[in-house]
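Q: One file: data_0.pdb (PDB, C-alpha atoms).
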ATOM      1  CA  MET W  22       0.000   0.000   0.000
ATOM      2  CA  VAL W  23       1.151   3.516  -0.744
ATOM      3  CA  TRP W  24       0.684   4.981   2.734
ATOM      4  CA  GLU W  25       1.282   8.519   1.537
ATOM      5  CA  LYS W  26      -2.101   8.460  -0.211
ATOM      6  CA  ASP W  27      -3.918   7.056   2.806
ATOM      7  CA  PRO W  28      -6.640   9.470   4.060
ATOM      8  CA  LEU W  29      -5.345   9.141   7.624
ATOM      9  CA  VAL W  30      -1.817  10.157   6.614
ATOM     10  CA  GLN W  31      -3.164  13.058   4.574
ATOM     11  CA  LYS W  32      -5.254  14.221   7.547
ATOM     12  CA  VAL W  33      -2.242  14.010   9.858
ATOM     13  CA  CYS W  34      -0.186  16.080   7.422
ATOM     14  CA  GLU W  35      -2.935  18.702   7.252
ATOM     15  CA  LEU W  36      -3.039  18.920  11.044
ATOM     16  CA  TYR W  37       0.747  19.155  11.160
ATOM     17  CA  ASP W  38       0.631  22.159   8.819
ATOM     18  CA  GLN W  39      -1.912  23.868  11.072
ATOM     19  CA  ILE W  40      -0.128  23.013  14.327
ATOM     20  CA  SER W  41       3.293  24.069  13.048
ATOM     21  CA  SER W  42       1.885  27.438  12.016
ATOM     22  CA  LEU W  43       0.657  28.265  15.530
ATOM     23  CA  GLY W  44       2.420  31.110  17.283
ATOM     24  CA  SER W  45       2.447  29.245  20.593
ATOM     25  CA  LEU W  46       1.703  25.734  21.827
ATOM     26  CA  LYS W  47       0.527  26.890  25.239
ATOM     27  CA  PRO W  48      -2.995  25.692  26.113
ATOM     28  CA  SER W  49      -5.595  27.711  24.204
ATOM     29  CA  LYS W  50      -8.788  27.098  22.278
ATOM     30  CA  ASP W  51      -6.979  26.612  18.957
ATOM     31  CA  VAL W  52      -4.156  24.504  20.403
ATOM     32  CA  ASN W  53      -6.551  22.266  22.304
ATOM     33  CA  MET W  54      -8.810  21.837  19.259
ATOM     34  CA  LEU W  55      -5.995  20.891  16.880
ATOM     35  CA  PHE W  56      -4.311  18.412  19.217
ATOM     36  CA  THR W  57      -7.674  16.853  20.075
ATOM     37  CA  GLN W  58      -8.301  16.358  16.350
ATOM     38  CA  LEU W  59      -4.824  14.855  15.957
ATOM     39  CA  VAL W  60      -5.311  12.385  18.808
ATOM     40  CA  LEU W  61      -8.763  11.361  17.579
ATOM     41  CA  THR W  62      -7.360  10.857  14.075
ATOM     42  CA  CYS W  63      -4.535   8.625  15.285
ATOM     43  CA  MET W  64      -6.420   6.746  18.018
ATOM     44  CA  PRO W  65      -8.365   4.064  16.053
ATOM     45  CA  PRO W  66      -6.474   0.817  15.368
ATOM     46  CA  SER W  67      -4.609   1.145  12.088
ATOM     47  CA  PRO W  68      -2.428  -1.220  10.002
ATOM     48  CA  ILE W  69      -0.121   1.629   9.056
ATOM     49  CA  ASP W  70       3.598   0.966   9.397
ATOM     50  CA  VAL W  71       5.331   4.307   9.918
ATOM     51  CA  THR W  72       8.710   2.810   8.991
ATOM     52  CA  LYS W  73       7.468   2.395   5.418
ATOM     53  CA  LEU W  74       6.533   6.038   4.941
ATOM     54  CA  CYS W  75       8.461   8.149   2.450
ATOM     55  CA  LYS W  76      11.219  10.467   3.653
ATOM     56  CA  ARG W  77       8.988  13.567   3.533
ATOM     57  CA  ILE W  78       6.295  11.995   5.718
ATOM     58  CA  GLN W  79       8.936  10.582   8.057
ATOM     59  CA  GLU W  80      10.297  14.085   8.584
ATOM     60  CA  ILE W  81       6.783  15.385   9.269
ATOM     61  CA  ARG W  82       6.284  12.578  11.801
ATOM     62  CA  PHE W  83       9.517  13.396  13.661
ATOM     63  CA  LYS W  84       8.622  17.100  13.775
ATOM     64  CA  LEU W  85       5.083  16.289  14.896
ATOM     65  CA  ILE W  86       6.336  14.119  17.775
ATOM     66  CA  ARG W  87       8.468  17.043  18.955
ATOM     67  CA  LEU W  88       5.515  19.431  18.702
ATOM     68  CA  CYS W  89       3.361  16.968  20.653
ATOM     69  CA  GLY W  90       6.062  16.708  23.293
ATOM     70  CA  GLU W  91       6.351  20.466  23.625
ATOM     71  CA  ALA W  92       2.585  20.915  23.821
ATOM     72  CA  GLU W  93       2.254  18.104  26.368
ATOM     73  CA  GLY W  94       4.919  19.687  28.545
ATOM     74  CA  LEU W  95       3.218  23.084  28.404
ATOM     75  CA  LEU W  96      -0.168  21.519  29.192
ATOM     76  CA  GLU W  97       1.208  19.667  32.213
ATOM     77  CA  SER W  98       3.036  22.765  33.430
ATOM     78  CA  HIS W  99      -0.158  24.825  33.096
ATOM     79  CA  PHE W 100      -2.249  22.409  35.144
ATOM     80  CA  SER W 101       0.512  21.741  37.662
ATOM     81  CA  THR W 102       0.570  25.478  38.397
ATOM     82  CA  ILE W 103      -3.210  25.507  38.876
ATOM     83  CA  LEU W 104      -3.124  22.416  41.102
ATOM     84  CA  GLY W 105      -0.264  23.870  43.123
ATOM     85  CA  SER W 106      -2.479  26.794  44.096
ATOM     86  CA  TYR W 107      -4.800  24.486  46.069
ATOM     87  CA  GLU W 108      -4.215  23.702  49.726
ATOM     88  CA  ASN W 109      -4.376  19.979  48.910
ATOM     89  CA  PRO W 110      -3.425  19.629  45.222
ATOM     90  CA  LEU W 111      -3.846  15.849  45.131
ATOM     91  CA  HIS W 112      -7.545  16.233  45.940
ATOM     92  CA  HIS W 113      -8.104  18.032  42.633
ATOM     93  CA  LEU W 114      -6.186  15.938  40.107
ATOM     94  CA  ASN W 115      -9.362  15.309  38.153
ATOM     95  CA  ILE W 116      -9.245  18.834  36.755
ATOM     96  CA  PHE W 117      -6.467  17.642  34.450
ATOM     97  CA  PRO W 118      -8.292  16.647  31.245
ATOM     98  CA  TYR W 119      -6.373  13.382  30.779
ATOM     99  CA  TYR W 120      -6.386  12.234  34.396
ATOM    100  CA  SER W 121      -8.676   9.278  33.642
ATOM    101  CA  ASN W 122      -6.213   8.143  30.946
ATOM    102  CA  TYR W 123      -3.410   8.103  33.522
ATOM    103  CA  LEU W 124      -5.570   6.082  35.892
ATOM    104  CA  LYS W 125      -6.090   3.465  33.161
ATOM    105  CA  LEU W 126      -2.481   3.500  31.978
ATOM    106  CA  SER W 127      -1.111   3.189  35.513
ATOM    107  CA  LEU W 128      -3.451   0.293  36.265
ATOM    108  CA  LEU W 129      -2.379  -1.395  33.045
ATOM    109  CA  GLU W 130       1.301  -0.927  33.869
ATOM    110  CA  PHE W 131       0.789  -2.166  37.425
ATOM    111  CA  ASP W 132      -1.016  -5.301  36.227
ATOM    112  CA  ILE W 133       1.728  -6.016  33.688
ATOM    113  CA  LEU W 134       4.376  -5.516  36.363
ATOM    114  CA  LYS W 135       2.502  -7.749  38.804
ATOM    115  CA  LYS W 136       2.205 -10.494  36.173
ATOM    116  CA  HIS W 137       5.966 -10.617  35.642
ATOM    117  CA  CYS W 138       7.083  -9.766  39.196
ATOM    118  CA  SER W 139       4.503 -11.564  41.296
ATOM    119  CA  ASP W 140       6.984 -12.666  43.946
ATOM    120  CA  TYR W 141       7.838  -9.222  45.357
ATOM    121  CA  VAL W 142       6.720  -5.629  45.759
ATOM    122  CA  PRO W 143       9.282  -3.097  44.472
ATOM    123  CA  ASN W 144      10.990  -1.191  47.259
ATOM    124  CA  LYS W 145      12.456   1.593  45.101
ATOM    125  CA  VAL W 146      11.176   2.694  41.694
ATOM    126  CA  ALA W 147      12.654   5.318  39.382
ATOM    127  CA  PHE W 148      10.600   7.277  36.878
ATOM    128  CA  VAL W 149      12.727   8.933  34.202
ATOM    129  CA  GLY W 150      11.173  12.029  32.639
ATOM    130  CA  SER W 151       8.592  12.684  35.346
ATOM    131  CA  GLY W 152       7.834  16.283  34.353
ATOM    132  CA  PRO W 153       5.882  18.978  36.213
ATOM    133  CA  LEU W 154       2.826  16.728  36.655
ATOM    134  CA  PRO W 155       4.146  13.255  37.607
ATOM    135  CA  LEU W 156       0.779  11.522  37.476
ATOM    136  CA  THR W 157       2.111   8.021  36.872
ATOM    137  CA  SER W 158       4.218   8.131  40.021
ATOM    138  CA  ILE W 159       1.409   9.743  42.011
ATOM    139  CA  VAL W 160      -1.222   7.219  40.887
ATOM    140  CA  LEU W 161       1.036   4.193  41.364
ATOM    141  CA  ALA W 162       2.178   5.407  44.787
ATOM    142  CA  SER W 163      -1.366   6.272  45.893
ATOM    143  CA  PHE W 164      -3.291   3.219  44.699
ATOM    144  CA  HIS W 165      -1.021   0.353  43.636
ATOM    145  CA  LEU W 166       2.460   0.496  45.194
ATOM    146  CA  THR W 167       1.523   2.034  48.503
ATOM    147  CA  THR W 168       4.762   1.220  50.339
ATOM    148  CA  THR W 169       7.189   1.873  47.485
ATOM    149  CA  SER W 170       9.435   4.930  47.260
ATOM    150  CA  PHE W 171       9.478   6.755  43.919
ATOM    151  CA  HIS W 172      12.549   8.584  42.650
ATOM    152  CA  ASN W 173      11.507  10.973  39.892
ATOM    153  CA  TYR W 174      14.139  12.210  37.457
ATOM    154  CA  ASP W 175      13.762  15.274  35.280
ATOM    155  CA  ILE W 176      16.331  17.544  33.688
ATOM    156  CA  ASP W 177      14.169  20.664  34.197
ATOM    157  CA  PRO W 178      14.425  22.255  37.669
ATOM    158  CA  SER W 179      11.165  24.167  37.229
ATOM    159  CA  ALA W 180       9.338  20.919  36.415
ATOM    160  CA  ASN W 181      10.619  19.304  39.602
ATOM    161  CA  SER W 182       9.767  22.390  41.644
ATOM    162  CA  LYS W 183       6.166  22.270  40.454
ATOM    163  CA  ALA W 184       5.955  18.518  40.949
ATOM    164  CA  LEU W 185       7.275  18.778  44.500
ATOM    165  CA  GLN W 186       4.630  21.384  45.287
ATOM    166  CA  LEU W 187       1.909  18.877  44.390
ATOM    167  CA  VAL W 188       2.957  16.284  46.969
ATOM    168  CA  SER W 189       4.445  18.458  49.708
ATOM    169  CA  SER W 190       1.160  18.753  51.626
ATOM    170  CA  ASP W 191       0.549  14.987  51.620
ATOM    171  CA  PRO W 192       2.206  13.383  54.684
ATOM    172  CA  ASP W 193       2.614   9.999  52.959
ATOM    173  CA  LEU W 194       3.656  10.904  49.421
ATOM    174  CA  SER W 195       5.929  13.712  50.555
ATOM    175  CA  GLU W 196       7.996  11.019  52.293
ATOM    176  CA  ARG W 197       7.943   8.505  49.428
ATOM    177  CA  MET W 198       8.318  10.828  46.396
ATOM    178  CA  ILE W 199      11.864  12.084  45.779
ATOM    179  CA  PHE W 200      12.783  14.429  42.922
ATOM    180  CA  HIS W 201      16.171  14.546  41.207
ATOM    181  CA  THR W 202      17.065  17.368  38.842
ATOM    182  CA  THR W 203      19.599  15.766  36.536
ATOM    183  CA  ASP W 204      20.120  14.241  33.113
ATOM    184  CA  ILE W 205      19.601  10.492  33.431
ATOM    185  CA  MET W 206      22.710  10.020  31.262
ATOM    186  CA  ASP W 207      24.712  11.431  34.179
ATOM    187  CA  VAL W 208      23.263   8.903  36.639
ATOM    188  CA  THR W 209      25.374   5.763  36.816
ATOM    189  CA  TYR W 210      25.787   3.425  39.777
ATOM    190  CA  ALA W 211      22.738   4.827  41.560
ATOM    191  CA  LEU W 212      20.645   3.047  38.922
ATOM    192  CA  LYS W 213      21.563  -0.274  40.548
ATOM    193  CA  ASP W 214      19.456   0.679  43.568
ATOM    194  CA  TYR W 215      16.110   0.491  41.766
ATOM    195  CA  ASP W 216      13.907  -2.581  41.428
ATOM    196  CA  VAL W 217      11.956  -1.053  38.530
ATOM    197  CA  ILE W 218      12.721   1.847  36.202
ATOM    198  CA  PHE W 219      10.012   3.537  34.147
ATOM    199  CA  LEU W 220      11.080   5.420  31.022
ATOM    200  CA  ALA W 221       8.645   8.128  29.897
ATOM    201  CA  ALA W 222       7.566   8.120  26.253
ATOM    202  CA  LEU W 223       9.195  11.456  25.464
ATOM    203  CA  VAL W 224      12.626  10.733  26.941
ATOM    204  CA  GLY W 225      14.606  10.262  23.753
ATOM    205  CA  MET W 226      12.314  11.747  21.115
ATOM    206  CA  ASP W 227      14.003  10.084  18.153
ATOM    207  CA  LYS W 228      15.259   6.540  17.738
ATOM    208  CA  ASP W 229      18.951   7.311  18.208
ATOM    209  CA  ALA W 230      18.363   9.301  21.402
ATOM    210  CA  LYS W 231      16.017   6.634  22.770
ATOM    211  CA  VAL W 232      18.531   3.868  22.096
ATOM    212  CA  ARG W 233      21.303   5.864  23.812
ATOM    213  CA  VAL W 234      19.182   6.142  26.964
ATOM    214  CA  ILE W 235      18.254   2.448  26.851
ATOM    215  CA  ASP W 236      21.907   1.446  26.387
ATOM    216  CA  HIS W 237      22.880   3.643  29.342
ATOM    217  CA  LEU W 238      20.251   2.001  31.531
ATOM    218  CA  ALA W 239      21.380  -1.442  30.370
ATOM    219  CA  LYS W 240      24.942  -0.594  31.393
ATOM    220  CA  TYR W 241      24.127   0.453  34.952
ATOM    221  CA  MET W 242      20.900  -1.291  36.002
ATOM    222  CA  ALA W 243      21.335  -4.352  38.197
ATOM    223  CA  PRO W 244      20.798  -7.724  36.495
ATOM    224  CA  GLY W 245      17.263  -9.016  36.971
ATOM    225  CA  THR W 246      15.692  -5.602  37.497
ATOM    226  CA  VAL W 247      12.795  -4.434  35.360
ATOM    227  CA  LEU W 248      12.549  -1.686  32.758
ATOM    228  CA  MET W 249       9.120  -0.435  31.708
ATOM    229  CA  LEU W 250       8.893   1.730  28.628
ATOM    230  CA  ARG W 251       6.139   3.462  26.711
ATOM    231  CA  SER W 252       5.911   3.052  22.987
ATOM    232  CA  ALA W 253       3.332   3.550  20.227
ATOM    233  CA  HIS W 254       1.664   1.354  17.619
ATOM    234  CA  GLY W 255      -0.019   1.986  14.273
ATOM    235  CA  ALA W 256      -1.059   5.575  13.626
ATOM    236  CA  ARG W 257      -0.329   6.435  17.265
ATOM    237  CA  ALA W 258       3.324   6.475  16.205
ATOM    238  CA  PHE W 259       2.630   9.945  14.795
ATOM    239  CA  LEU W 260       2.256  11.081  18.421
ATOM    240  CA  TYR W 261       5.020   9.211  20.258
ATOM    241  CA  PRO W 262       8.314   7.461  19.451
ATOM    242  CA  VAL W 263       8.264   3.714  18.837
ATOM    243  CA  VAL W 264      10.406   1.363  20.917
ATOM    244  CA  ASP W 265      11.198  -1.759  18.946
ATOM    245  CA  PRO W 266      12.145  -4.908  20.896
ATOM    246  CA  CYS W 267      15.351  -4.926  18.813
ATOM    247  CA  ASP W 268      16.323  -1.648  20.489
ATOM    248  CA  LEU W 269      16.513  -3.286  23.916
ATOM    249  CA  THR W 270      20.031  -4.683  23.785
ATOM    250  CA  GLY W 271      20.960  -6.105  27.164
ATOM    251  CA  PHE W 272      17.343  -6.767  28.126
ATOM    252  CA  GLU W 273      15.027  -9.748  27.936
ATOM    253  CA  VAL W 274      11.785  -8.433  26.448
ATOM    254  CA  LEU W 275       8.902  -9.981  28.365
ATOM    255  CA  SER W 276       5.783  -8.443  26.850
ATOM    256  CA  VAL W 277       4.478  -5.659  24.623
ATOM    257  CA  PHE W 278       0.882  -4.465  25.051
ATOM    258  CA  HIS W 279      -1.011  -2.345  22.540
ATOM    259  CA  PRO W 280      -4.197  -0.786  23.990
ATOM    260  CA  THR W 281      -6.964   0.206  21.573
ATOM    261  CA  ASP W 282      -8.939   2.560  23.811
ATOM    262  CA  GLU W 283      -8.092   6.138  24.820
ATOM    263  CA  VAL W 284      -4.856   4.958  26.457
ATOM    264  CA  ILE W 285      -2.503   6.000  23.665
ATOM    265  CA  ASN W 286       0.799   4.466  24.718
ATOM    266  CA  SER W 287       1.829   0.878  24.261
ATOM    267  CA  VAL W 288       3.656  -0.648  27.220
ATOM    268  CA  VAL W 289       6.889  -2.621  26.958
ATOM    269  CA  ILE W 290       8.304  -4.552  29.908
ATOM    270  CA  ALA W 291      11.832  -5.969  29.882
ATOM    271  CA  ARG W 292      14.291  -7.465  32.336
ATOM    272  CA  LYS W 293      18.011  -6.686  32.539
ATOM    273  CA  VAL W 294      20.009  -9.788  31.674
ATOM    274  CA  PRO W 295      23.378 -10.732  33.205
ATOM    275  CA  THR W 296      26.337  -9.514  31.168
ATOM    276  CA  THR W 297      27.943 -12.887  30.497
ATOM    277  CA  LYS W 298      29.578 -14.207  27.366
ATOM    278  CA  PRO W 299      27.553 -16.723  25.330
ATOM    279  CA  THR W 300      28.442 -20.354  26.026
ATOM    280  CA  VAL W 301      26.939 -23.708  25.146
ATOM    281  CA  GLU W 302      24.909 -23.565  28.354
ATOM    282  CA  ASN W 303      24.170 -19.860  27.877
ATOM    283  CA  PRO W 304      23.527 -19.448  24.122
ATOM    284  CA  LYS W 305      23.214 -16.114  22.411
ATOM    285  CA  LEU W 306      19.742 -14.655  22.819
ATOM    286  CA  PRO W 307      17.485 -15.016  19.760
ATOM    287  CA  ASN W 308      16.659 -12.014  17.638
ATOM    288  CA  LYS W 309      13.889 -10.208  19.494
ATOM    289  CA  CYS W 310      12.328  -8.952  16.270
ATOM    290  CA  SER W 311      11.903 -12.332  14.609
ATOM    291  CA  ASP W 312      11.299 -14.661  17.561
ATOM    292  CA  ILE W 313       8.144 -13.225  19.112
ATOM    293  CA  ASP W 314       5.040 -15.309  19.761
ATOM    294  CA  MET W 315       1.593 -13.749  19.549
ATOM    295  CA  LEU W 316      -0.575 -14.526  22.580
ATOM    296  CA  SER W 317      -4.140 -13.631  23.433
ATOM    297  CA  PRO W 318      -4.719 -10.652  25.766
ATOM    298  CA  LEU W 319      -4.440 -11.445  29.474
ATOM    299  CA  LEU W 320      -5.958  -8.311  30.983
ATOM    300  CA  ASN W 321      -9.718  -7.782  31.094
ATOM    301  CA  HIS W 322      -9.821  -4.180  32.279
ATOM    302  CA  VAL W 323      -8.543  -2.696  29.018
ATOM    303  CA  ASN W 324      -9.132  -3.555  25.380
ATOM    304  CA  LEU W 325      -5.864  -4.904  23.988
ATOM    305  CA  ILE W 326      -5.207  -5.899  20.402
ATOM    306  CA  GLU W 327      -2.182  -8.019  21.087
ATOM    307  CA  GLU W 328       0.328  -9.255  23.618
ATOM    308  CA  LEU W 329       3.773 -10.169  22.481
ATOM    309  CA  ASP W 330       5.486 -12.525  24.878
ATOM    310  CA  ILE W 331       8.905 -14.058  24.379
ATOM    311  CA  GLU W 332       9.571 -14.950  27.999
ATOM    312  CA  ASP W 333       9.471 -18.690  27.356
ATOM    313  CA  GLN W 334      11.921 -18.453  24.464
ATOM    314  CA  LEU W 335      14.532 -16.629  26.510
ATOM    315  CA  SER W 336      14.247 -18.667  29.720
TER     316      SER W 336
END
What would you get if you wrote out this structure as structure tokens?

A:
Amino acid sequence: MVWEKDPLVQKVCELYDQISSLGSLKPSKDVNMLFTQLVLTCMPPSPIDVTKLCKRIQEIRFKLIRLCGEAEGLLESHFSTILGSYENPLHHLNIFPYYSNYLKLSLLEFDILKKHCSDYVPNKVAFVGSGPLPLTSIVLASFHLTTTSFHNYDIDPSANSKALQLVSSDPDLSERMIFHTTDIMDVTYALKDYDVIFLAALVGMDKDAKVRVIDHLAKYMAPGTVLMLRSAHGARAFLYPVVDPCDLTGFEVLSVFHPTDEVINSVVIARKVPTTKPTVENPKLPNKCSDIDMLSPLLNHVNLIEELDIEDQLS
């Protein structure tokens, strides 16, 4: 199929032209309308393979992902400021327009984590790219991992300042939510302290940058610990970068989930493997792109189109 002539691709390109011509991506009537149209256009399940798009459309996609990232950051900053003005900010999280999406995504990620790590509750979790409105950490800490400490990493000091303001009035979360203002590429041996590391979708906004971050985590995470990443599938790859299982060198990819409802991000879970040389007893791992079995969905609370599970092949 010539994807460039697909009505969906043409619509995305039209929206890109309109979005890129905006004077500002701060929340406004026009900004909200255009990004809502973009999300609704890309949300339905689609067979489109963005890797097969022509160079011109690929460039539009990369630019659009960056625009989405900028707009998302400005939206979160805007609402974090509003929430921070309340005496108890966490009591008003529902004013954020996508709060229900975060509730669903966090539940999905928790259930996936529980499936693959049923024998323990994480003591320390890191979230890389937490931003000014760290809803994943807040929701997981509040409802699912209620004894776990969360170390949130963001390179932007103003983002961390706003995020800290949200939890400072809560006696529990203010003790369990720690914020680090640093580039994750500068964090080395401290990464061995975490049982689970979450990597936000917009940390590494192109493939090369994403792979550099993943390789850095693979170098310093402790063997056996878990990495959870957010990816995108089908037309949703116009909104977020795609993490291919082949990109996860040094990790055993356990599962990839592709939701089909308003939860936009796919979820990838992987486990850090020991850094040993291949032997007869420890053969080289199979190619993660070609040796993936398709299994039926295992979670009932969200509509999933597929689960990719290669755990058995790598054990």

Q: With the file shown as input, list the residues that the PyMOL selection byres ((chain W and resi 148) around 6) selects, as a VMD selection string.

A: chain W and resid 147 149 151 173 218 to 219

Q: Might you spell out which residues the PyMOL selection byres ((chain W and resi 96-107) around 12) would select in the displayed file, as a PyMOL selection string?

A: chain W and resi 45-49+52-53+56+89-95+108-120+151-156+177+179-190

Q: What's around Leu223 of chain W at 8 Å? Count all atoms listed in the file, leave out sequence neighbours fewer than 5 positions away in its own chain, and write the answer as a ChimeraX atom specification.

A: /W:90,150,261-262

Q: Taking the file as I've supplied it (selection: the PyMOL selection byres ((chain W and resi 167) around 12)), which residues are included? Please answer as an MDAnalysis selection string.

A: chainID W and resid 131 142:146 158:166 168:171 193:194 196:198

Q: Okay, now the selection with C-alpha atoms, as a compact mmCIF listing (two decimals), in the coordinates of the input?

A:
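The resulting file, again33.txt, is reproduced below:
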# COMPACT_ATOMS: atom_id res chain seq x y z
CA PHE W 131 0.79 -2.17 37.42
CA VAL W 142 6.72 -5.63 45.76
CA PRO W 143 9.28 -3.10 44.47
CA ASN W 144 10.99 -1.19 47.26
CA LYS W 145 12.46 1.59 45.10
CA VAL W 146 11.18 2.69 41.69
CA SER W 158 4.22 8.13 40.02
CA ILE W 159 1.41 9.74 42.01
CA VAL W 160 -1.22 7.22 40.89
CA LEU W 161 1.04 4.19 41.36
CA ALA W 162 2.18 5.41 44.79
CA SER W 163 -1.37 6.27 45.89
CA PHE W 164 -3.29 3.22 44.70
CA HIS W 165 -1.02 0.35 43.64
CA LEU W 166 2.46 0.50 45.19
CA THR W 168 4.76 1.22 50.34
CA THR W 169 7.19 1.87 47.48
CA SER W 170 9.44 4.93 47.26
CA PHE W 171 9.48 6.76 43.92
CA ASP W 193 2.61 10.00 52.96
CA LEU W 194 3.66 10.90 49.42
CA GLU W 196 8.00 11.02 52.29
CA ARG W 197 7.94 8.51 49.43
CA MET W 198 8.32 10.83 46.40

Q: For Leu275 of chain W, which residue among W:His254, W:Arg233, W:Lys228, W:Lys136 is the nearest when counting all atoms listed in the file?

A: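 Of the candidates, the smallest distance to Leu275 of chain W is held by W:Lys136.
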
Q: Would you compute the distance between atom CA of Val208 of chain W and atom CA of Lys240 of chain W? Give it in Å to one decimal.

A: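 Computed distance, atom CA of Val208 of chain W to atom CA of Lys240 of chain W, equals 11.0 Å.
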
Q: From the list W:Asn122, W:Gln58, W:Lys50, W:Pro68, which residue is nearest Val33 of chain W when using only C-alpha atoms?

A: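 Ranking W:Asn122, W:Gln58, W:Lys50, W:Pro68 by distance to Val33 of chain W, first place goes to W:Gln58.
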
Q: Provide the atom CA of Asp268 of chain W to atom CA of Tyr241 of chain W distance in Å, to one decimal place.

A: 16.6 Å

Q: At what distance in Å, to one decimal, does atom CA of His279 of chain W lie from atom CA of Leu128 of chain W?

A: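 Answer for the atom CA of Leu128 of chain W to atom CA of His279 of chain W separation: 14.2 Å.
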
Q: Nearest to Ala211 of chain W among W:Ser195, W:Gln31, W:Phe278, W:Leu238, with distances taken over all atoms listed in the file: which residue is it?

A: W:Leu238

Q: When you count all atoms listed in the file, which of these residues is closest to Pro244 of chain W: W:Ala291, W:Leu55, W:Met64, W:Ala222?

A: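 Of W:Ala291, W:Leu55, W:Met64, W:Ala222, the one nearest Pro244 of chain W is W:Ala291, counting all atoms listed in the file.
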
Q: Of the residues W:Val289, W:Ala239, W:Cys34, W:Ala230, which is the one nearest to Ser252 of chain W, using only C-alpha atoms?

A: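 Using only C-alpha atoms, Ser252 of chain W sits closest to W:Val289.
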
Q: When you count only C-alpha atoms, which of these residues is closest to Ser42 of chain W: W:Val284, W:Val277, W:Leu74, W:Leu88?

A: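 Of W:Val284, W:Val277, W:Leu74, W:Leu88, the one nearest Ser42 of chain W is W:Leu88, counting only C-alpha atoms.
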
Q: Dump as a list in words all residues having an atom at most 10 Å from (18.0, -7.4, 36.4), computed in the file's coordinates with only C-alpha atoms.

A: Lys213, Tyr215, Asp216, Val217, Ala239, Met242, Ala243, Pro244, Gly245, Thr246, Val247, Leu248, Gly271, Phe272, Glu273, Ala291, Arg292, Lys293, Val294 and Pro295 of chain W

Q: Deliver the residues from the most recent selection as a file, using C-alpha atoms, as a PDB file, keeping the file's coordinate frame.

A:
ATOM      1  CA  LYS W 213      21.563  -0.274  40.548  1.00  0.00           C
ATOM      2  CA  TYR W 215      16.110   0.491  41.766  1.00  0.00           C
ATOM      3  CA  ASP W 216      13.907  -2.581  41.428  1.00  0.00           C
ATOM      4  CA  VAL W 217      11.956  -1.053  38.530  1.00  0.00           C
ATOM      5  CA  ALA W 239      21.380  -1.442  30.370  1.00  0.00           C
ATOM      6  CA  MET W 242      20.900  -1.291  36.002  1.00  0.00           C
ATOM      7  CA  ALA W 243      21.335  -4.352  38.197  1.00  0.00           C
ATOM      8  CA  PRO W 244      20.798  -7.724  36.495  1.00  0.00           C
ATOM      9  CA  GLY W 245      17.263  -9.016  36.971  1.00  0.00           C
ATOM     10  CA  THR W 246      15.692  -5.602  37.497  1.00  0.00           C
ATOM     11  CA  VAL W 247      12.795  -4.434  35.360  1.00  0.00           C
ATOM     12  CA  LEU W 248      12.549  -1.686  32.758  1.00  0.00           C
ATOM     13  CA  GLY W 271      20.960  -6.105  27.164  1.00  0.00           C
ATOM     14  CA  PHE W 272      17.343  -6.767  28.126  1.00  0.00           C
ATOM     15  CA  GLU W 273      15.027  -9.748  27.936  1.00  0.00           C
ATOM     16  CA  ALA W 291      11.832  -5.969  29.882  1.00  0.00           C
ATOM     17  CA  ARG W 292      14.291  -7.465  32.336  1.00  0.00           C
ATOM     18  CA  LYS W 293      18.011  -6.686  32.539  1.00  0.00           C
ATOM     19  CA  VAL W 294      20.009  -9.788  31.674  1.00  0.00           C
ATOM     20  CA  PRO W 295      23.378 -10.732  33.205  1.00  0.00           C
TER      21      PRO W 295
END
